[in-house]
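Here's protein-v3.pdb, which has PDB, C-alpha atoms:
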```pdb
ATOM      1  CA  MET A 241      24.025  17.784 -12.124  1.00  0.00           C
ATOM      2  CA  GLY A 242      20.344  16.860 -12.380  1.00  0.00           C
ATOM      3  CA  GLN A 243      17.324  16.654 -10.180  1.00  0.00           C
ATOM      4  CA  VAL A 244      15.000  13.962  -8.870  1.00  0.00           C
ATOM      5  CA  THR A 245      11.494  14.210  -7.462  1.00  0.00           C
ATOM      6  CA  VAL A 246      10.978  12.758  -3.991  1.00  0.00           C
ATOM      7  CA  LEU A 247       7.461  11.694  -2.974  1.00  0.00           C
ATOM      8  CA  LEU A 248       6.421  11.612   0.682  1.00  0.00           C
ATOM      9  CA  PHE A 249       3.417   9.867   2.199  1.00  0.00           C
ATOM     10  CA  ALA A 250       1.393   9.421   5.370  1.00  0.00           C
ATOM     11  CA  GLY A 251       3.216  10.422   8.575  1.00  0.00           C
ATOM     12  CA  VAL A 252       6.366  11.436   6.694  1.00  0.00           C
ATOM     13  CA  ALA A 253       4.436  13.892   4.520  1.00  0.00           C
ATOM     14  CA  GLU A 254       2.684  15.322   7.562  1.00  0.00           C
ATOM     15  CA  ARG A 255       5.900  15.691   9.532  1.00  0.00           C
ATOM     16  CA  LEU A 256       7.703  17.484   6.704  1.00  0.00           C
ATOM     17  CA  GLY A 257       4.643  19.499   5.700  1.00  0.00           C
ATOM     18  CA  THR A 258       4.911  18.523   2.025  1.00  0.00           C
ATOM     19  CA  ARG A 259       4.240  15.605  -0.314  1.00  0.00           C
ATOM     20  CA  ARG A 260       6.864  16.411  -2.916  1.00  0.00           C
ATOM     21  CA  LEU A 261      10.442  17.668  -2.873  1.00  0.00           C
ATOM     22  CA  VAL A 262      12.951  18.252  -5.634  1.00  0.00           C
ATOM     23  CA  VAL A 263      16.518  17.243  -4.835  1.00  0.00           C
ATOM     24  CA  ASP A 264      19.763  17.703  -6.754  1.00  0.00           C
ATOM     25  CA  VAL A 265      21.606  14.530  -7.733  1.00  0.00           C
ATOM     26  CA  ALA A 266      25.100  13.921  -9.032  1.00  0.00           C
ATOM     27  CA  PRO A 267      25.920  11.233 -11.623  1.00  0.00           C
ATOM     28  CA  GLY A 268      26.087   7.840  -9.940  1.00  0.00           C
ATOM     29  CA  ASP A 269      23.990   8.837  -6.937  1.00  0.00           C
ATOM     30  CA  ARG A 270      22.151   5.984  -5.246  1.00  0.00           C
ATOM     31  CA  VAL A 271      19.134   5.883  -2.961  1.00  0.00           C
ATOM     32  CA  ARG A 272      21.301   6.256   0.137  1.00  0.00           C
ATOM     33  CA  ASP A 273      22.986   9.414  -1.241  1.00  0.00           C
ATOM     34  CA  VAL A 274      19.649  11.100  -1.900  1.00  0.00           C
ATOM     35  CA  ARG A 275      18.286   9.958   1.460  1.00  0.00           C
ATOM     36  CA  ASP A 276      21.337  11.302   3.309  1.00  0.00           C
ATOM     37  CA  ARG A 277      21.096  14.652   1.527  1.00  0.00           C
ATOM     38  CA  LEU A 278      17.375  14.850   2.312  1.00  0.00           C
ATOM     39  CA  THR A 279      17.949  14.007   5.955  1.00  0.00           C
ATOM     40  CA  ALA A 280      20.607  16.696   6.250  1.00  0.00           C
ATOM     41  CA  ALA A 281      18.154  19.256   4.855  1.00  0.00           C
ATOM     42  CA  HIS A 282      15.147  17.880   6.779  1.00  0.00           C
ATOM     43  CA  PRO A 283      16.286  16.396  10.102  1.00  0.00           C
ATOM     44  CA  GLN A 284      12.622  15.623  10.928  1.00  0.00           C
ATOM     45  CA  LEU A 285      13.110  12.582   8.648  1.00  0.00           C
ATOM     46  CA  GLU A 286      15.495  10.944  11.100  1.00  0.00           C
ATOM     47  CA  PRO A 287      12.947   9.036  13.236  1.00  0.00           C
ATOM     48  CA  PHE A 288      11.367   7.491  10.122  1.00  0.00           C
ATOM     49  CA  LEU A 289      14.608   6.164   8.588  1.00  0.00           C
ATOM     50  CA  PRO A 290      14.813   2.763  10.355  1.00  0.00           C
ATOM     51  CA  SER A 291      11.494   1.606   8.903  1.00  0.00           C
ATOM     52  CA  LEU A 292      11.457   3.316   5.479  1.00  0.00           C
ATOM     53  CA  ARG A 293      11.413   1.404   2.227  1.00  0.00           C
ATOM     54  CA  TYR A 294      12.204   3.059  -1.078  1.00  0.00           C
ATOM     55  CA  ALA A 295      10.801   2.938  -4.587  1.00  0.00           C
ATOM     56  CA  VAL A 296      12.502   4.287  -7.690  1.00  0.00           C
ATOM     57  CA  ASP A 297      10.084   4.959 -10.543  1.00  0.00           C
ATOM     58  CA  GLU A 298       7.368   2.900  -8.827  1.00  0.00           C
ATOM     59  CA  GLU A 299       9.511  -0.210  -8.215  1.00  0.00           C
ATOM     60  CA  TYR A 300      10.735  -1.185  -4.750  1.00  0.00           C
ATOM     61  CA  ALA A 301      14.429  -0.419  -4.499  1.00  0.00           C
ATOM     62  CA  ASP A 302      17.200  -0.782  -1.932  1.00  0.00           C
ATOM     63  CA  GLU A 303      19.806   1.659  -0.728  1.00  0.00           C
ATOM     64  CA  ASP A 304      22.180   0.718  -3.562  1.00  0.00           C
ATOM     65  CA  THR A 305      19.691   1.362  -6.367  1.00  0.00           C
ATOM     66  CA  PRO A 306      20.825   4.180  -8.689  1.00  0.00           C
ATOM     67  CA  VAL A 307      18.643   7.291  -8.816  1.00  0.00           C
ATOM     68  CA  PRO A 308      19.305   8.904 -12.203  1.00  0.00           C
ATOM     69  CA  PRO A 309      18.328  12.498 -12.990  1.00  0.00           C
ATOM     70  CA  GLY A 310      14.632  12.729 -13.771  1.00  0.00           C
ATOM     71  CA  ALA A 311      13.761   9.700 -11.623  1.00  0.00           C
ATOM     72  CA  THR A 312      11.089   9.670  -8.936  1.00  0.00           C
ATOM     73  CA  LEU A 313      12.129   8.397  -5.501  1.00  0.00           C
ATOM     74  CA  ALA A 314       9.323   7.499  -3.097  1.00  0.00           C
ATOM     75  CA  LEU A 315       9.860   7.157   0.652  1.00  0.00           C
ATOM     76  CA  ILE A 316       7.553   4.338   1.786  1.00  0.00           C
ATOM     77  CA  PRO A 317       6.730   4.027   5.490  1.00  0.00           C
ATOM     78  CA  PRO A 318       5.303   0.664   6.659  1.00  0.00           C
ATOM     79  CA  VAL A 319       2.141   0.139   4.625  1.00  0.00           C
ATOM     80  CA  SER A 320      -1.241  -0.391   6.264  1.00  0.00           C
ATOM     81  CA  GLY A 321      -3.769  -0.913   3.488  1.00  0.00           C
ATOM     82  CA  GLY A 322      -6.592  -3.402   3.548  1.00  0.00           C
TER
ATOM     83  CA  MET B 583      -8.117  -8.515 -14.288  1.00  0.00           C
ATOM     84  CA  LEU B 584      -9.747  -5.509 -12.644  1.00  0.00           C
ATOM     85  CA  ILE B 585      -7.369  -3.373 -10.553  1.00  0.00           C
ATOM     86  CA  ARG B 586      -8.244   0.046  -9.169  1.00  0.00           C
ATOM     87  CA  VAL B 587      -7.375   2.548  -6.468  1.00  0.00           C
ATOM     88  CA  THR B 588     -10.179   5.079  -6.166  1.00  0.00           C
ATOM     89  CA  ASP B 589     -11.751   7.566  -3.796  1.00  0.00           C
ATOM     90  CA  ALA B 590     -15.229   6.499  -4.934  1.00  0.00           C
ATOM     91  CA  PRO B 591     -17.298   3.915  -2.989  1.00  0.00           C
ATOM     92  CA  LEU B 592     -16.496   0.303  -3.941  1.00  0.00           C
ATOM     93  CA  ASP B 593     -19.109  -1.984  -5.485  1.00  0.00           C
ATOM     94  CA  PRO B 594     -18.456  -5.696  -4.827  1.00  0.00           C
ATOM     95  CA  ALA B 595     -20.843  -6.566  -7.685  1.00  0.00           C
ATOM     96  CA  GLU B 596     -18.471  -4.879 -10.120  1.00  0.00           C
ATOM     97  CA  ALA B 597     -15.564  -7.058  -8.943  1.00  0.00           C
ATOM     98  CA  ILE B 598     -17.699 -10.204  -9.122  1.00  0.00           C
ATOM     99  CA  ALA B 599     -18.830  -9.367 -12.658  1.00  0.00           C
ATOM    100  CA  ALA B 600     -15.229  -8.658 -13.667  1.00  0.00           C
ATOM    101  CA  VAL B 601     -13.971 -12.131 -12.677  1.00  0.00           C
ATOM    102  CA  ALA B 602     -17.040 -14.065 -13.870  1.00  0.00           C
ATOM    103  CA  ASN B 603     -16.100 -16.738 -16.395  1.00  0.00           C
ATOM    104  CA  PRO B 604     -17.914 -19.719 -17.970  1.00  0.00           C
ATOM    105  CA  ALA B 605     -15.165 -22.024 -16.673  1.00  0.00           C
ATOM    106  CA  ALA B 606     -15.567 -20.812 -13.079  1.00  0.00           C
ATOM    107  CA  GLY B 607     -17.270 -23.045 -10.538  1.00  0.00           C
ATOM    108  CA  ALA B 608     -16.438 -20.692  -7.661  1.00  0.00           C
ATOM    109  CA  ILE B 609     -16.068 -16.991  -7.030  1.00  0.00           C
ATOM    110  CA  ASP B 610     -14.669 -16.015  -3.636  1.00  0.00           C
ATOM    111  CA  VAL B 611     -15.045 -12.413  -2.462  1.00  0.00           C
ATOM    112  CA  PHE B 612     -13.335 -10.664   0.442  1.00  0.00           C
ATOM    113  CA  LEU B 613     -14.412  -7.279   1.776  1.00  0.00           C
ATOM    114  CA  GLY B 614     -12.272  -5.241   4.118  1.00  0.00           C
ATOM    115  CA  VAL B 615     -14.569  -2.966   6.131  1.00  0.00           C
ATOM    116  CA  VAL B 616     -13.927  -0.203   8.646  1.00  0.00           C
ATOM    117  CA  ARG B 617     -14.207  -1.419  12.255  1.00  0.00           C
ATOM    118  CA  ASN B 618     -15.229   0.804  15.158  1.00  0.00           C
ATOM    119  CA  GLU B 619     -12.299  -0.105  17.396  1.00  0.00           C
ATOM    120  CA  ASN B 620      -8.625  -1.011  17.185  1.00  0.00           C
ATOM    121  CA  LEU B 621      -6.315  -2.091  20.017  1.00  0.00           C
ATOM    122  CA  GLY B 622      -8.880  -0.956  22.553  1.00  0.00           C
ATOM    123  CA  ARG B 623      -9.347   2.487  21.015  1.00  0.00           C
ATOM    124  CA  SER B 624     -12.706   3.642  19.762  1.00  0.00           C
ATOM    125  CA  VAL B 625     -12.310   4.624  16.078  1.00  0.00           C
ATOM    126  CA  ASP B 626     -14.398   7.481  14.671  1.00  0.00           C
ATOM    127  CA  HIS B 627     -13.318   7.053  11.033  1.00  0.00           C
ATOM    128  CA  LEU B 628     -10.312   6.159   8.874  1.00  0.00           C
ATOM    129  CA  VAL B 629      -8.447   8.133   6.227  1.00  0.00           C
ATOM    130  CA  TYR B 630      -6.674   6.093   3.546  1.00  0.00           C
ATOM    131  CA  GLU B 631      -3.875   7.500   1.450  1.00  0.00           C
ATOM    132  CA  ALA B 632      -2.155   5.767  -1.484  1.00  0.00           C
ATOM    133  CA  TYR B 633       0.675   6.152  -3.930  1.00  0.00           C
ATOM    134  CA  PRO B 634      -1.951   5.377  -6.560  1.00  0.00           C
ATOM    135  CA  SER B 635       0.130   4.564  -9.631  1.00  0.00           C
ATOM    136  CA  MET B 636       2.532   2.305  -7.746  1.00  0.00           C
ATOM    137  CA  ALA B 637      -0.265   0.771  -5.684  1.00  0.00           C
ATOM    138  CA  GLU B 638      -2.049  -0.262  -8.871  1.00  0.00           C
ATOM    139  CA  ARG B 639       1.192  -1.724 -10.267  1.00  0.00           C
ATOM    140  CA  GLU B 640       1.728  -3.772  -7.109  1.00  0.00           C
ATOM    141  CA  MET B 641      -1.909  -4.880  -7.043  1.00  0.00           C
ATOM    142  CA  ALA B 642      -1.659  -5.983 -10.688  1.00  0.00           C
ATOM    143  CA  ALA B 643       1.535  -7.918  -9.924  1.00  0.00           C
ATOM    144  CA  ILE B 644      -0.162  -9.605  -6.949  1.00  0.00           C
ATOM    145  CA  ALA B 645      -3.216 -10.517  -9.053  1.00  0.00           C
ATOM    146  CA  GLN B 646      -1.018 -11.953 -11.798  1.00  0.00           C
ATOM    147  CA  GLU B 647       1.044 -13.927  -9.309  1.00  0.00           C
ATOM    148  CA  ALA B 648      -2.113 -15.241  -7.644  1.00  0.00           C
ATOM    149  CA  CYS B 649      -3.357 -16.523 -11.010  1.00  0.00           C
ATOM    150  CA  SER B 650      -0.151 -18.442 -11.725  1.00  0.00           C
ATOM    151  CA  ARG B 651       0.536 -19.587  -8.144  1.00  0.00           C
ATOM    152  CA  PHE B 652      -2.963 -20.930  -7.437  1.00  0.00           C
ATOM    153  CA  GLY B 653      -4.133 -21.695 -10.973  1.00  0.00           C
ATOM    154  CA  VAL B 654      -7.191 -19.475 -10.641  1.00  0.00           C
ATOM    155  CA  ILE B 655      -8.998 -17.952 -13.601  1.00  0.00           C
ATOM    156  CA  ASP B 656      -9.202 -14.248 -12.783  1.00  0.00           C
ATOM    157  CA  CYS B 657      -8.744 -11.764  -9.929  1.00  0.00           C
ATOM    158  CA  ALA B 658     -10.057  -8.295  -9.138  1.00  0.00           C
ATOM    159  CA  ILE B 659      -8.611  -6.017  -6.461  1.00  0.00           C
ATOM    160  CA  LEU B 660     -10.175  -2.649  -5.601  1.00  0.00           C
ATOM    161  CA  HIS B 661      -8.978  -0.335  -2.833  1.00  0.00           C
ATOM    162  CA  ARG B 662     -10.584   2.866  -1.695  1.00  0.00           C
ATOM    163  CA  THR B 663      -8.841   6.033  -0.490  1.00  0.00           C
ATOM    164  CA  GLY B 664      -9.965   9.119   1.389  1.00  0.00           C
ATOM    165  CA  ARG B 665     -12.228   9.358   4.420  1.00  0.00           C
ATOM    166  CA  LEU B 666     -14.160   6.174   5.271  1.00  0.00           C
ATOM    167  CA  ALA B 667     -16.858   5.873   7.925  1.00  0.00           C
ATOM    168  CA  ILE B 668     -17.403   2.837  10.168  1.00  0.00           C
ATOM    169  CA  GLY B 669     -18.845  -0.017   8.114  1.00  0.00           C
ATOM    170  CA  GLU B 670     -17.682   1.271   4.736  1.00  0.00           C
ATOM    171  CA  THR B 671     -15.731  -1.020   2.426  1.00  0.00           C
ATOM    172  CA  SER B 672     -12.033  -0.214   2.000  1.00  0.00           C
ATOM    173  CA  LEU B 673     -10.995  -3.307   0.020  1.00  0.00           C
ATOM    174  CA  VAL B 674     -12.643  -5.727  -2.388  1.00  0.00           C
ATOM    175  CA  ALA B 675     -10.806  -8.824  -3.602  1.00  0.00           C
ATOM    176  CA  ALA B 676     -12.588 -11.286  -5.881  1.00  0.00           C
ATOM    177  CA  VAL B 677     -11.211 -14.518  -7.347  1.00  0.00           C
ATOM    178  CA  SER B 678     -12.773 -16.958  -9.793  1.00  0.00           C
ATOM    179  CA  SER B 679     -11.613 -20.542 -10.211  1.00  0.00           C
ATOM    180  CA  GLY B 680     -12.758 -23.946 -11.342  1.00  0.00           C
ATOM    181  CA  HIS B 681     -13.233 -25.172  -7.774  1.00  0.00           C
ATOM    182  CA  ARG B 682     -13.578 -23.465  -4.402  1.00  0.00           C
ATOM    183  CA  ALA B 683     -10.325 -24.492  -2.727  1.00  0.00           C
ATOM    184  CA  GLU B 684      -8.105 -22.477  -5.088  1.00  0.00           C
ATOM    185  CA  ALA B 685     -10.415 -19.445  -4.905  1.00  0.00           C
ATOM    186  CA  PHE B 686     -10.356 -19.403  -1.079  1.00  0.00           C
ATOM    187  CA  ALA B 687      -6.578 -19.842  -0.967  1.00  0.00           C
ATOM    188  CA  ALA B 688      -5.827 -17.248  -3.639  1.00  0.00           C
ATOM    189  CA  CYS B 689      -8.155 -14.651  -2.113  1.00  0.00           C
ATOM    190  CA  ARG B 690      -6.560 -15.018   1.299  1.00  0.00           C
ATOM    191  CA  TRP B 691      -3.082 -14.818  -0.208  1.00  0.00           C
ATOM    192  CA  ILE B 692      -4.002 -11.672  -2.175  1.00  0.00           C
ATOM    193  CA  VAL B 693      -5.171  -9.857   0.968  1.00  0.00           C
ATOM    194  CA  ASP B 694      -2.109 -10.963   2.976  1.00  0.00           C
ATOM    195  CA  GLU B 695       0.207  -9.853   0.185  1.00  0.00           C
ATOM    196  CA  LEU B 696      -1.564  -6.518  -0.231  1.00  0.00           C
ATOM    197  CA  LYS B 697      -0.988  -5.808   3.444  1.00  0.00           C
ATOM    198  CA  ARG B 698       2.709  -6.589   3.018  1.00  0.00           C
ATOM    199  CA  ARG B 699       3.617  -4.450   0.086  1.00  0.00           C
ATOM    200  CA  VAL B 700       0.984  -2.274  -1.580  1.00  0.00           C
ATOM    201  CA  PRO B 701       1.778   1.398  -0.848  1.00  0.00           C
ATOM    202  CA  ILE B 702      -1.439   2.390   0.912  1.00  0.00           C
ATOM    203  CA  TRP B 703      -1.682   3.778   4.444  1.00  0.00           C
ATOM    204  CA  LYS B 704      -4.480   4.274   6.921  1.00  0.00           C
ATOM    205  CA  LYS B 705      -4.851   6.903   9.576  1.00  0.00           C
ATOM    206  CA  GLU B 706      -7.077   6.197  12.557  1.00  0.00           C
ATOM    207  CA  VAL B 707      -9.049   9.148  13.822  1.00  0.00           C
ATOM    208  CA  TRP B 708     -10.418   8.941  17.376  1.00  0.00           C
ATOM    209  CA  SER B 709     -12.516  11.433  19.310  1.00  0.00           C
ATOM    210  CA  ASN B 710      -9.352  12.799  20.953  1.00  0.00           C
ATOM    211  CA  GLY B 711      -6.576  12.352  18.404  1.00  0.00           C
ATOM    212  CA  GLU B 712      -5.292  10.504  15.375  1.00  0.00           C
ATOM    213  CA  ALA B 713      -2.332   8.400  14.191  1.00  0.00           C
ATOM    214  CA  TRP B 714      -0.978   6.869  10.989  1.00  0.00           C
ATOM    215  CA  ILE B 715      -0.928   3.111  11.362  1.00  0.00           C
ATOM    216  CA  GLU B 716       2.208   1.104  10.608  1.00  0.00           C
ATOM    217  CA  GLY B 717       0.831  -2.216   9.439  1.00  0.00           C
ATOM    218  CA  PRO B 718       2.114  -5.148  11.551  1.00  0.00           C
ATOM    219  CA  GLU B 719       2.251  -7.224   8.359  1.00  0.00           C
ATOM    220  CA  ALA B 720       4.208  -4.672   6.281  1.00  0.00           C
ATOM    221  CA  LEU B 721       7.570  -5.942   5.066  1.00  0.00           C
ATOM    222  CA  ASN B 722       9.240  -3.019   6.848  1.00  0.00           C
ATOM    223  CA  ALA B 723       7.056  -3.140   9.940  1.00  0.00           C
ATOM    224  CA  PRO B 724       8.845  -2.153  13.125  1.00  0.00           C
ATOM    225  CA  ALA B 725       9.924  -5.203  15.144  1.00  0.00           C
ATOM    226  CA  PRO B 726       7.398  -6.098  17.834  1.00  0.00           C
ATOM    227  CA  ALA B 727       8.430  -5.303  21.375  1.00  0.00           C
ATOM    228  CA  PRO B 728      10.294  -8.225  22.952  1.00  0.00           C
ATOM    229  CA  PRO B 729       8.191 -10.295  25.371  1.00  0.00           C
ATOM    230  CA  ARG B 730       8.667  -9.433  29.019  1.00  0.00           C
TER
END
```

Would you kindly transcribe this structure into structure tokens?
Amino acid sequence: MGQVTVLLFAGVAERLGTRRLVVDVAPGDRVRDVRDRLTAAHPQLEPFLPSLRYAVDEEYADEDTPVPPGATLALIPPVSGG
Amino acid sequence: MLIRVTDAPLDPAEAIAAVANPAAGAIDVFLGVVRNENLGRSVDHLVYEAYPSMAEREMAAIAQEACSRFGVIDCAILHRTGRLAIGETSLVAAVSSGHRAEAFAACRWIVDELKRRVPIWKKEVWSNGEAWIEGPEALNAPAPAPPR
């Protein structure tokens, strides 16, 4: 058992009232496993899920990307820079 | 290649100086500035938030790809974060190239690409409320409402 850091931004951070969470991971866990565990603990995430992208250690990732212990998973709502 | 996400005011002259090159016959510069209205709403100010380390990685990747894709000499991309008043500069993109056509094309592509994938978000603040904006050009933008 290890842990990963989850970073939250923009509306997601505001809705959950935090920018950073620490989540337990099991060996072999992928993005979707961490996301599902987070959503169970923080149901306020639900409305954001359809449009979220993910990044593991600062690289865009998909739901199948492994999230090893010590990694950083970022939840990325639709970007609006410029 | 000058790449930076910062909460300090942006200086276009710094970006121009960064891409200057003896082989350049053109330097194209784009400024994104804060507009006083959006979708019919009167905007008081904007607040930009970034995932700074990843944003700079994505901006560097975009600049590198612009150089190889358009054959330009050098690119600079600067993005500001924090509270920005109407008229302030949120984005500076500068491109140098041998001739103008590549510089125009690369600069436009850089801005389009930044809006698709660089992890930066803006919040609009109005006199009577505020909202985080989901960019219509973001790769994960919500589908537009079907025409009626």

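Using only C-alpha atoms, the nearest neighbour of chain A within the list B:Glu638, B:Glu670, B:Glu712, B:Glu631 is B:Glu631.
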
Return the neighbours of chain B among the residues of chain A, cut-off 9 Å, counting only C-alpha atoms, as a PDB file with C-alpha atoms, in the coordinates of the input.
```pdb
ATOM      1  CA  LEU A 247       7.461  11.694  -2.974  1.00  0.00           C
ATOM      2  CA  PHE A 249       3.417   9.867   2.199  1.00  0.00           C
ATOM      3  CA  ALA A 250       1.393   9.421   5.370  1.00  0.00           C
ATOM      4  CA  GLY A 251       3.216  10.422   8.575  1.00  0.00           C
ATOM      5  CA  PRO A 290      14.813   2.763  10.355  1.00  0.00           C
ATOM      6  CA  SER A 291      11.494   1.606   8.903  1.00  0.00           C
ATOM      7  CA  LEU A 292      11.457   3.316   5.479  1.00  0.00           C
ATOM      8  CA  ARG A 293      11.413   1.404   2.227  1.00  0.00           C
ATOM      9  CA  ALA A 295      10.801   2.938  -4.587  1.00  0.00           C
ATOM     10  CA  ASP A 297      10.084   4.959 -10.543  1.00  0.00           C
ATOM     11  CA  GLU A 298       7.368   2.900  -8.827  1.00  0.00           C
ATOM     12  CA  GLU A 299       9.511  -0.210  -8.215  1.00  0.00           C
ATOM     13  CA  ALA A 314       9.323   7.499  -3.097  1.00  0.00           C
ATOM     14  CA  ILE A 316       7.553   4.338   1.786  1.00  0.00           C
ATOM     15  CA  PRO A 317       6.730   4.027   5.490  1.00  0.00           C
ATOM     16  CA  PRO A 318       5.303   0.664   6.659  1.00  0.00           C
ATOM     17  CA  VAL A 319       2.141   0.139   4.625  1.00  0.00           C
ATOM     18  CA  SER A 320      -1.241  -0.391   6.264  1.00  0.00           C
ATOM     19  CA  GLY A 321      -3.769  -0.913   3.488  1.00  0.00           C
ATOM     20  CA  GLY A 322      -6.592  -3.402   3.548  1.00  0.00           C
TER      21      GLY A 322
END
```

Output of the PyMOL selection byres ((chain B and resi 648) around 12), listed as an mmCIF file with C-alpha atoms, keeping the file's coordinate frame:
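Written file, out.cif:
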```cif
data_model
loop_
_atom_site.group_PDB
_atom_site.id
_atom_site.type_symbol
_atom_site.label_atom_id
_atom_site.label_comp_id
_atom_site.auth_asym_id
_atom_site.auth_seq_id
_atom_site.Cartn_x
_atom_site.Cartn_y
_atom_site.Cartn_z
ATOM 1 C CA MET B 583 -8.117 -8.515 -14.288
ATOM 2 C CA MET B 641 -1.909 -4.880 -7.043
ATOM 3 C CA ALA B 642 -1.659 -5.983 -10.688
ATOM 4 C CA ALA B 643 1.535 -7.918 -9.924
ATOM 5 C CA ILE B 644 -0.162 -9.605 -6.949
ATOM 6 C CA ALA B 645 -3.216 -10.517 -9.053
ATOM 7 C CA GLN B 646 -1.018 -11.953 -11.798
ATOM 8 C CA GLU B 647 1.044 -13.927 -9.309
ATOM 9 C CA CYS B 649 -3.357 -16.523 -11.010
ATOM 10 C CA SER B 650 -0.151 -18.442 -11.725
ATOM 11 C CA ARG B 651 0.536 -19.587 -8.144
ATOM 12 C CA PHE B 652 -2.963 -20.930 -7.437
ATOM 13 C CA GLY B 653 -4.133 -21.695 -10.973
ATOM 14 C CA VAL B 654 -7.191 -19.475 -10.641
ATOM 15 C CA ILE B 655 -8.998 -17.952 -13.601
ATOM 16 C CA ASP B 656 -9.202 -14.248 -12.783
ATOM 17 C CA CYS B 657 -8.744 -11.764 -9.929
ATOM 18 C CA ALA B 658 -10.057 -8.295 -9.138
ATOM 19 C CA ILE B 659 -8.611 -6.017 -6.461
ATOM 20 C CA ALA B 675 -10.806 -8.824 -3.602
ATOM 21 C CA ALA B 676 -12.588 -11.286 -5.881
ATOM 22 C CA VAL B 677 -11.211 -14.518 -7.347
ATOM 23 C CA SER B 678 -12.773 -16.958 -9.793
ATOM 24 C CA SER B 679 -11.613 -20.542 -10.211
ATOM 25 C CA GLU B 684 -8.105 -22.477 -5.088
ATOM 26 C CA ALA B 685 -10.415 -19.445 -4.905
ATOM 27 C CA PHE B 686 -10.356 -19.403 -1.079
ATOM 28 C CA ALA B 687 -6.578 -19.842 -0.967
ATOM 29 C CA ALA B 688 -5.827 -17.248 -3.639
ATOM 30 C CA CYS B 689 -8.155 -14.651 -2.113
ATOM 31 C CA ARG B 690 -6.560 -15.018 1.299
ATOM 32 C CA TRP B 691 -3.082 -14.818 -0.208
ATOM 33 C CA ILE B 692 -4.002 -11.672 -2.175
ATOM 34 C CA VAL B 693 -5.171 -9.857 0.968
ATOM 35 C CA ASP B 694 -2.109 -10.963 2.976
ATOM 36 C CA GLU B 695 0.207 -9.853 0.185
ATOM 37 C CA LEU B 696 -1.564 -6.518 -0.231
#
```

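Nearest to Val271 of chain A of all the residues A:Val307, A:Leu315, A:Leu285, A:Val246 is A:Val307, based on only C-alpha atoms.
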
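Between atom CA of Val625 of chain B and atom CA of Ala667 of chain B the interatomic distance comes to 9.4 Å.
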
Counting all atoms listed in the file, I want the residues whose atoms come within 7 Å of (-12.4, 4.5, 20.9) in the file frame, returned as a VMD selection string. chain B and resid 619 622 to 625 708
